[in-house]
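This report refers to the structure that appears directly beneath it.
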Amino acid sequence: MLRGDFLKSLPEPRGILRSVQIRGRDYLERFGLPSGKSEPWRITDLERLKTLLSRPFFLSRDENESNLIRSMAVPPSDGVRLVLSPSLQSIDDQKLPKEFRQITGADLERLLSSNIPNSASDKDWAIGLNQATAGTVLALRVKGCNPPPLELVAEAQLDRFSPSRVVLVLDSNTQLDLLEVILGKGCSAQSHFLEIHLAEGASLNHGLIALGGGEAGLLANVIVHQKRDSSYSLSMIQEGWSLGRIEPDICQGDGHAHTTLRGLQVSKGTRQVATHSKISFQGPEGTLDQLHKALVADKSHSIFNGAVEVPQIAQRTNAVQLSRNLLLSNNARVDTKPELEIIADDVRCSHGATVSELQKEELFYMRSRGVDTRQATKLLLQGYFQDILRSLPVEAERWSVLERLLESVGD
Amino acid sequence: MTTQNALNELVGKPYKYGFVTEIETDKISKGLNEDIVRLISSKKEEPAFLLDFRLRAYKKWLQMEEPKWADLGFPQLSYQDIVYYSAPKQNEKKQSLDEVDPKLLETFDKLGIPLSEQKRLTNVAVDAVFDSVSIATTYKEKLAEHGVVFCSISEAVLQYPELVQRYIGSVVPSNDNFFAALNSAVFSDGSFVFIPKGVDCPMELSSYFRINSGDVGQFERTLIIAEENSSVSYLEGCTAPMFDTKTLHAAVVEIIALDKASVKYSTVQNWYSGDEKGVGGVYNFVTKRGHCRGYKSKISWSQVETGSAITWKYPSCVLQGDDSVGEFYSVALTNNKQKADTGTKMIHVGKRTRSTIVSKGISAGQSSNSYRGLVQMTKSAKDSRNYSQCDSMLIGDKASANTYPYIRSQQPRSSIEHEASTCRISEEQLFYLQSRGIGFEEAISIMVSGFCREVFNQLPMEFAAEADKLLALKLEGSVG
């Protein structure tokens, strides 16, 4: 069971999220911890999840950027950087470029009332946790032809539990580059929930860089609602979490939309990282192009679960999913499970999965040309990572992700 | 006729094995308790070890819960409403086939499984099981010349108790799962095959299972042991009459392959699948597992699953011996309201083990057809390989095709490859064939047959043709 003192340690529900918080807490109280018997949580290390919830709740922080964020990457030159904080109440609209507006009042309440986790299932348990804990929300509406790139940074507080919640609405025919960076450290625990609404013809290029460290833990949910002719591209990088779990859940409401998912997760030590993606086609002629990569070393455990739903209405769907895993150690473990549920008959759906170590032929090829094993391995890994990294928004350059990843697996 | 209608008609042909044989049977009363388990055991005059085995399984079963995870949506089964033993009345053990009730022989004749001497299939030995007991096993003497034992498991228990005691439950433990535990407690008959060292079984072995009574559950148990350097090919077939009630079939099959032994196990499953509204039919909940215990041993499963209201089975291979090989070839066809959740598990333990999975699912009507499989590389499975391919064909837009391949690896020096695709009968291909004067039904049949070719190629000759026909028959009226 979920420790009663976790729920008690939370501050009183208040503000715009009050009713959401009450509902979320009811859900947690009723449901407790997810069950190791249910499919979405079967192989998750539930002991670690309990540990995350034992971190003291974080209340307030100085809203300025921390030195860590500054030291990791300079702010974007022509974009907007917003730092998410549990105590963030509102941003001065004046500070935002004209294409961005905060959503408030009834509009916001309407948006917040969707996505209630099904109380009979622990499938969306992580969303329930976020709803119970998040006290503030950053809600932005973006419109216009050329909005500057947006960067959101959620930095954990040392050894604390901190939730963050974001709602982003893209009006029709708007194109945006969004870079989200989640930083963990020490024994921090984070619950992050991003909800995206893409109107007709909108296009979002979304980079999600989640870099942990120490014993940090992360539960992140991304829910995307796509309207007709919209296009959504997500590139996720996940590294360094003691327990990391990202759950993108995409729904193409009217079909005729495009989704691209790229994922890279790197695990070392005794870490456990997971991606549970789900895409549901609720209309015809949607497309999906998904590639998920995992590099698993030491005694770590990597999990990928990719659900694709093609109901009767989703005729002429074209979905491709591929899961490629590099297993580098005798003591590491990979679990990968594509899940395809197809009813429409005029569709093209394929999926594939591979698990292996680095190709010996490739290493041999380079060594025979005078490149030593260490260097050759590095080059191969670089190629392996670049496949995903190059689809990140351009602004991600400043975070030198490749260097960080190579450094983390280097020794 | 529109394509839709023609296809629907094509899939909807009646089940021709749905007749009931009027025959006097020796049935015990409905329900399950310890006394029933003891009664079954005493009817079969079993030695004490087997009664112990049954009672242990029964106690474990009582503590287990009916599994729900596959989401097959069947109502809670009433285990007290099933007759656990039913046998055609025979005054005493028959010495020869001539003494067997002609009605029984006629039944098997009708099913295309002739048991009488002059009509026997050449080079195929058949063990025919009717409800709970084995009626006859053909070619026993000829097989005995080679040292091959092929008989019903009840006979084996009496004649080769040491073999049965040694191997039964060693592959599928009695507490393995809910239905395996139930089977272990109440199993009535099944086949027993023992191939001694160095013998290649001179003919195909085959078992034919027939459920006749509507309230009888069939719990057969098959045990196949292939000693060093031996080989055997075994085939099972199944049918049942049409009843409005659901019938339970919970079988357990255990295969043991020692050094360099090879076992090929083929199934053509055509239990009654219920009518188009989903009334009646057989629940086919089966545990099949093989242990490749020896060096370079091989177990190959091939199956054609066309019947049953619900099929729930995962024929598996545990590849323990170094260089052992596991194979799984499957065609699963579902129509109307049928549900199939089938696939395989390949557990790689030994070094340099290899496995191949080819699964073809065809869903028509409002059926649901799932491939669910596990490929696991344990830490010790160095330099092992797996290749899996799962293809689904959808006929009509109300059927569902699901794929759930579970992949787990703990060995970097092994490799796993999995690929899957979904397709349908395309208008262009249909048009192409029809424009060349091939009739609609035949065209569909050709395409389905082509889709399944890789699997049919693995079936023994006699049955490949039968499987082809069976699919064509099953599809009648479905395609749209």
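The way I read the labels, and the way they are meant: chains A, B, ... in the order of the structure tokens, residue 1 as the first residue of every chain, and ligand 1 as the first ligand shown, with later ones counted on from there.
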Can I get the residues of chain B within 8 Å of chain A, each with the closest pair of atoms and their distance in Å to one decimal, using only C-alpha atoms, sorted chain first then ascending number, as CSV?
```
residue,atom,partner,partner_atom,distance
B:Lys379,CA,A:Asn330,CA,6.4
B:Leu394,CA,A:Asp345,CA,5.3
B:Ile395,CA,A:Asp345,CA,6.6
B:Gly396,CA,A:Asp345,CA,6.2
B:Asp397,CA,A:Ala344,CA,4.9
B:Lys398,CA,A:Ile343,CA,6.1
B:Ala399,CA,A:Ile343,CA,5.5
B:Ser400,CA,A:Ile343,CA,4.1
B:Ala401,CA,A:Ile342,CA,5.1
B:Asn402,CA,A:Glu341,CA,4.3
B:Thr403,CA,A:Leu340,CA,5.0
B:Tyr404,CA,A:Glu339,CA,4.8
B:Pro405,CA,A:Lys337,CA,5.6
B:Tyr406,CA,A:Lys337,CA,4.8
B:Ile407,CA,A:Thr336,CA,5.1
B:Arg408,CA,A:Asp335,CA,4.5
B:Ser409,CA,A:Val334,CA,5.2
B:Gln410,CA,A:Arg333,CA,4.6
B:Gln411,CA,A:Asn330,CA,5.4
B:Pro412,CA,A:Leu327,CA,4.9
B:Arg413,CA,A:Glu357,CA,6.2
B:Ser414,CA,A:Ser356,CA,6.1
B:Ser415,CA,A:Ser356,CA,4.6
B:Ile416,CA,A:Val355,CA,5.0
B:Glu417,CA,A:Thr354,CA,4.5
B:His418,CA,A:Ala353,CA,4.9
B:Glu419,CA,A:Gly352,CA,4.1
B:Ala420,CA,A:His351,CA,5.2
B:Ser421,CA,A:Ser350,CA,4.2
B:Thr422,CA,A:Cys349,CA,5.4
B:Cys423,CA,A:Arg348,CA,6.4
B:Arg424,CA,A:Asp345,CA,6.0
```
Determine, counting only C-alpha atoms, which protein, DNA and RNA residues have an atom within 12 Å of an atom of A:Leu379; residues of the same chain fewer than 3 positions away are not included. Present the result as an MDAnalysis selection string. chainID A and resid 358 362:363 366:367 371:376 382:386 402 406 410
Written file, previous selection with N, CA and C atoms, as a PDB file, in the first residue's frame:
```pdb
ATOM      1  N   LEU A 358      27.282  -5.223 -29.870  1.00  0.00           N
ATOM      2  CA  LEU A 358      27.826  -4.511 -31.024  1.00  0.00           C
ATOM      3  C   LEU A 358      28.238  -5.525 -32.082  1.00  0.00           C
ATOM      4  N   GLU A 362      31.565  -5.087 -37.721  1.00  0.00           N
ATOM      5  CA  GLU A 362      31.800  -3.646 -37.792  1.00  0.00           C
ATOM      6  C   GLU A 362      33.049  -3.268 -37.003  1.00  0.00           C
ATOM      7  N   LEU A 363      33.179  -3.871 -35.806  1.00  0.00           N
ATOM      8  CA  LEU A 363      34.380  -3.599 -35.005  1.00  0.00           C
ATOM      9  C   LEU A 363      35.622  -4.074 -35.748  1.00  0.00           C
ATOM     10  N   MET A 366      36.729  -1.761 -38.536  1.00  0.00           N
ATOM     11  CA  MET A 366      37.454  -0.562 -38.112  1.00  0.00           C
ATOM     12  C   MET A 366      38.835  -0.909 -37.576  1.00  0.00           C
ATOM     13  N   ARG A 367      38.909  -2.007 -36.868  1.00  0.00           N
ATOM     14  CA  ARG A 367      40.215  -2.384 -36.324  1.00  0.00           C
ATOM     15  C   ARG A 367      41.185  -2.721 -37.448  1.00  0.00           C
ATOM     16  N   VAL A 371      41.985   1.443 -36.335  1.00  0.00           N
ATOM     17  CA  VAL A 371      41.307   2.135 -35.242  1.00  0.00           C
ATOM     18  C   VAL A 371      41.266   1.167 -34.046  1.00  0.00           C
ATOM     19  N   ASP A 372      41.716   1.618 -32.870  1.00  0.00           N
ATOM     20  CA  ASP A 372      41.743   0.660 -31.757  1.00  0.00           C
ATOM     21  C   ASP A 372      40.330   0.375 -31.239  1.00  0.00           C
ATOM     22  N   THR A 373      40.201  -0.704 -30.482  1.00  0.00           N
ATOM     23  CA  THR A 373      38.868  -1.177 -30.079  1.00  0.00           C
ATOM     24  C   THR A 373      38.082  -0.109 -29.353  1.00  0.00           C
ATOM     25  N   ARG A 374      38.770   0.594 -28.453  1.00  0.00           N
ATOM     26  CA  ARG A 374      38.109   1.616 -27.662  1.00  0.00           C
ATOM     27  C   ARG A 374      37.500   2.696 -28.552  1.00  0.00           C
ATOM     28  N   GLN A 375      38.335   3.141 -29.471  1.00  0.00           N
ATOM     29  CA  GLN A 375      37.905   4.203 -30.380  1.00  0.00           C
ATOM     30  C   GLN A 375      36.786   3.685 -31.294  1.00  0.00           C
ATOM     31  N   ALA A 376      36.955   2.448 -31.758  1.00  0.00           N
ATOM     32  CA  ALA A 376      35.960   1.870 -32.673  1.00  0.00           C
ATOM     33  C   ALA A 376      34.614   1.732 -31.967  1.00  0.00           C
ATOM     34  N   GLN A 382      28.526   6.203 -31.079  1.00  0.00           N
ATOM     35  CA  GLN A 382      28.181   7.545 -31.555  1.00  0.00           C
ATOM     36  C   GLN A 382      27.167   7.463 -32.697  1.00  0.00           C
ATOM     37  N   GLY A 383      27.433   6.546 -33.609  1.00  0.00           N
ATOM     38  CA  GLY A 383      26.510   6.348 -34.727  1.00  0.00           C
ATOM     39  C   GLY A 383      25.151   5.890 -34.229  1.00  0.00           C
ATOM     40  N   TYR A 384      25.194   4.999 -33.238  1.00  0.00           N
ATOM     41  CA  TYR A 384      23.970   4.448 -32.671  1.00  0.00           C
ATOM     42  C   TYR A 384      23.120   5.565 -32.044  1.00  0.00           C
ATOM     43  N   PHE A 385      23.790   6.438 -31.279  1.00  0.00           N
ATOM     44  CA  PHE A 385      23.088   7.549 -30.616  1.00  0.00           C
ATOM     45  C   PHE A 385      22.594   8.590 -31.630  1.00  0.00           C
ATOM     46  N   GLN A 386      23.477   8.922 -32.592  1.00  0.00           N
ATOM     47  CA  GLN A 386      23.177  10.014 -33.521  1.00  0.00           C
ATOM     48  C   GLN A 386      21.875   9.787 -34.269  1.00  0.00           C
ATOM     49  N   LEU A 402      25.132  14.375 -26.751  1.00  0.00           N
ATOM     50  CA  LEU A 402      25.981  13.287 -27.237  1.00  0.00           C
ATOM     51  C   LEU A 402      27.201  13.104 -26.337  1.00  0.00           C
ATOM     52  N   LEU A 406      28.126   9.748 -24.279  1.00  0.00           N
ATOM     53  CA  LEU A 406      29.371   9.020 -24.518  1.00  0.00           C
ATOM     54  C   LEU A 406      30.198   8.936 -23.240  1.00  0.00           C
ATOM     55  N   GLY A 410      31.305   5.681 -21.402  1.00  0.00           N
ATOM     56  CA  GLY A 410      32.708   5.610 -21.811  1.00  0.00           C
ATOM     57  C   GLY A 410      33.580   4.655 -21.019  1.00  0.00           C
TER      58      GLY A 410
END
```
Polymer residues at most 12 Å from B:Glu45, only C-alpha atoms, same-chain spacing of 6 or more positions, as a VMD selection string: chain B and resid 38 to 39 51 154 to 159 188
For B:Leu50, which residue out of B:Leu258, B:Ala185, B:Cys317, B:Cys452 is the nearest one, using only C-alpha atoms?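 So, comparing all the options, the nearest one is B:Ala185.
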Compile the contact shell of stretch 24-28 of chain A as a list in words: residues with an atom at most 8 Å away, counting only C-alpha atoms, same-chain residues fewer than 4 positions apart removed.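 Using only C-alpha atoms, the neighbours found are Leu2, Leu7, Val20, Gly32, Leu33, Ser119, Gly128, Leu129, Asn130, Gln131, Ala132 and Thr133 of chain A.
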Next, the residues of the selection above should be written as an mmCIF file, in the first residue's frame with N, CA, C and O atoms.
```
data_model
loop_
_atom_site.group_PDB
_atom_site.id
_atom_site.type_symbol
_atom_site.label_atom_id
_atom_site.label_comp_id
_atom_site.auth_asym_id
_atom_site.auth_seq_id
_atom_site.Cartn_x
_atom_site.Cartn_y
_atom_site.Cartn_z
ATOM 1 N N LEU A 2 0.265 2.294 -0.534
ATOM 2 C CA LEU A 2 0.931 3.574 -0.528
ATOM 3 C C LEU A 2 0.975 4.070 0.914
ATOM 4 O O LEU A 2 0.012 3.981 1.640
ATOM 5 N N LEU A 7 0.662 10.776 1.516
ATOM 6 C CA LEU A 7 -0.492 11.613 1.206
ATOM 7 C C LEU A 7 -0.652 12.723 2.245
ATOM 8 O O LEU A 7 -0.986 13.857 1.930
ATOM 9 N N VAL A 20 -8.584 19.025 -9.017
ATOM 10 C CA VAL A 20 -7.767 17.962 -9.621
ATOM 11 C C VAL A 20 -6.976 17.240 -8.538
ATOM 12 O O VAL A 20 -6.883 16.005 -8.512
ATOM 13 N N GLY A 32 -3.716 2.851 -3.920
ATOM 14 C CA GLY A 32 -2.429 2.518 -3.327
ATOM 15 C C GLY A 32 -1.349 2.477 -4.385
ATOM 16 O O GLY A 32 -1.427 3.188 -5.383
ATOM 17 N N LEU A 33 -0.377 1.629 -4.206
ATOM 18 C CA LEU A 33 0.683 1.482 -5.196
ATOM 19 C C LEU A 33 0.210 0.598 -6.338
ATOM 20 O O LEU A 33 -0.683 -0.219 -6.148
ATOM 21 N N SER A 119 -10.330 4.795 -12.605
ATOM 22 C CA SER A 119 -10.132 4.395 -11.218
ATOM 23 C C SER A 119 -10.093 2.883 -11.047
ATOM 24 O O SER A 119 -9.723 2.372 -10.008
ATOM 25 N N GLY A 128 -2.132 9.816 -12.064
ATOM 26 C CA GLY A 128 -2.824 10.000 -10.785
ATOM 27 C C GLY A 128 -1.888 10.608 -9.750
ATOM 28 O O GLY A 128 -2.263 11.519 -9.007
ATOM 29 N N LEU A 129 -0.647 10.116 -9.725
ATOM 30 C CA LEU A 129 0.341 10.640 -8.774
ATOM 31 C C LEU A 129 0.599 12.115 -9.037
ATOM 32 O O LEU A 129 0.654 12.934 -8.117
ATOM 33 N N ASN A 130 0.744 12.467 -10.328
ATOM 34 C CA ASN A 130 1.008 13.866 -10.657
ATOM 35 C C ASN A 130 -0.171 14.748 -10.280
ATOM 36 O O ASN A 130 -0.004 15.840 -9.733
ATOM 37 N N GLN A 131 -1.375 14.258 -10.556
ATOM 38 C CA GLN A 131 -2.559 15.069 -10.246
ATOM 39 C C GLN A 131 -2.695 15.284 -8.739
ATOM 40 O O GLN A 131 -3.097 16.347 -8.300
ATOM 41 N N ALA A 132 -2.326 14.240 -7.983
ATOM 42 C CA ALA A 132 -2.446 14.361 -6.531
ATOM 43 C C ALA A 132 -1.433 15.367 -5.976
ATOM 44 O O ALA A 132 -1.692 16.028 -4.975
ATOM 45 N N THR A 133 -0.296 15.478 -6.632
ATOM 46 C CA THR A 133 0.790 16.255 -6.036
ATOM 47 C C THR A 133 1.018 17.630 -6.638
ATOM 48 O O THR A 133 1.384 18.556 -5.915
#
```
Residues near B:Met64, cut-off 10 Å, only C-alpha atoms, skip fewer than 6 positions along chain, as a tab-separated table (two decimals) with N, CA, C and O atoms, in the first residue's frame:
```tsv
chain	number	residue	atom	x	y	z
B	58	TYR	N	-4.42	-32.14	-7.35
B	58	TYR	CA	-5.75	-31.67	-6.99
B	58	TYR	C	-5.69	-30.67	-5.84
B	58	TYR	O	-6.35	-29.62	-5.87
B	175	ASN	N	1.85	-28.23	-10.71
B	175	ASN	CA	1.34	-26.93	-10.27
B	175	ASN	C	1.72	-25.82	-11.25
B	175	ASN	O	1.75	-24.65	-10.91
B	177	ASN	N	0.30	-24.43	-13.95
B	177	ASN	CA	-0.75	-23.42	-14.08
B	177	ASN	C	-2.08	-24.07	-13.74
B	177	ASN	O	-2.16	-25.28	-13.56
B	178	PHE	N	-3.11	-23.26	-13.69
B	178	PHE	CA	-4.43	-23.71	-13.26
B	178	PHE	C	-4.91	-24.93	-14.04
B	178	PHE	O	-5.33	-25.94	-13.47
B	179	PHE	N	-4.84	-24.85	-15.39
B	179	PHE	CA	-5.40	-25.92	-16.19
B	179	PHE	C	-4.50	-27.15	-16.21
B	179	PHE	O	-4.98	-28.28	-16.33
B	181	ALA	N	-2.78	-28.10	-13.64
B	181	ALA	CA	-3.04	-28.74	-12.35
B	181	ALA	C	-4.33	-29.56	-12.42
B	181	ALA	O	-4.40	-30.69	-11.96
B	182	LEU	N	-5.34	-28.95	-13.07
B	182	LEU	CA	-6.62	-29.66	-13.21
B	182	LEU	C	-6.41	-30.93	-14.02
B	182	LEU	O	-6.88	-32.01	-13.67
```
Give me every strand (DSSP E or B) residue in stretch 137-319 of chain A, going by DSSP on the backbone, as a count of residues only. 120
Atom pair atom CA of B:Leu471 / atom CA of B:Ile299: separation (Å):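 Going from atom CA of B:Leu471 over to atom CA of B:Ile299, I get 25.2 Å.
The shortest atom-to-atom distance to B:Phe108, with only C-alpha atoms taken into account, belongs to B:Tyr208 out of B:Tyr283, B:Tyr208, B:Phe328, B:Tyr295.
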With a distance cut-off of 12 Å and only C-alpha atoms, select the neighbouring residues of B:Leu459, excluding the residue or stretch itself and same-chain residues fewer than 4 positions from it, and output the selection as a PyMOL selection string. chain B and resi 204+233-236+264-268+300-304+328-331+452-455+463-468
Please list as a VMD selection string every residue within 8 Å of A:Phe57, counting only C-alpha atoms and excluding residues in the same chain fewer than 6 positions away. chain A and resid 9 to 10 160 to 162
Distance in Å - atom CA of A:Val401 versus atom CA of A:Gly212: 12.5 Å
Do you have the atom CA of A:Leu288-atom CA of A:Thr259 distance handy?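 Separation of atom CA of A:Leu288 and atom CA of A:Thr259: 4.9 Å.
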Selected residue of minimal separation from A:Val222 among A:Met236, A:Leu140, A:Leu82, A:Val394, counting only C-alpha atoms: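 Once distances to A:Val222 are computed over only C-alpha atoms, the minimum belongs to A:Met236.
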Which residue out of B:Gln63, B:Ser86, B:Thr137, B:Ser355 has the minimum interatomic distance to B:Phe187 when only C-alpha atoms are used?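 Checking each of B:Gln63, B:Ser86, B:Thr137, B:Ser355 against B:Phe187, counting only C-alpha atoms, the winner is B:Ser86.
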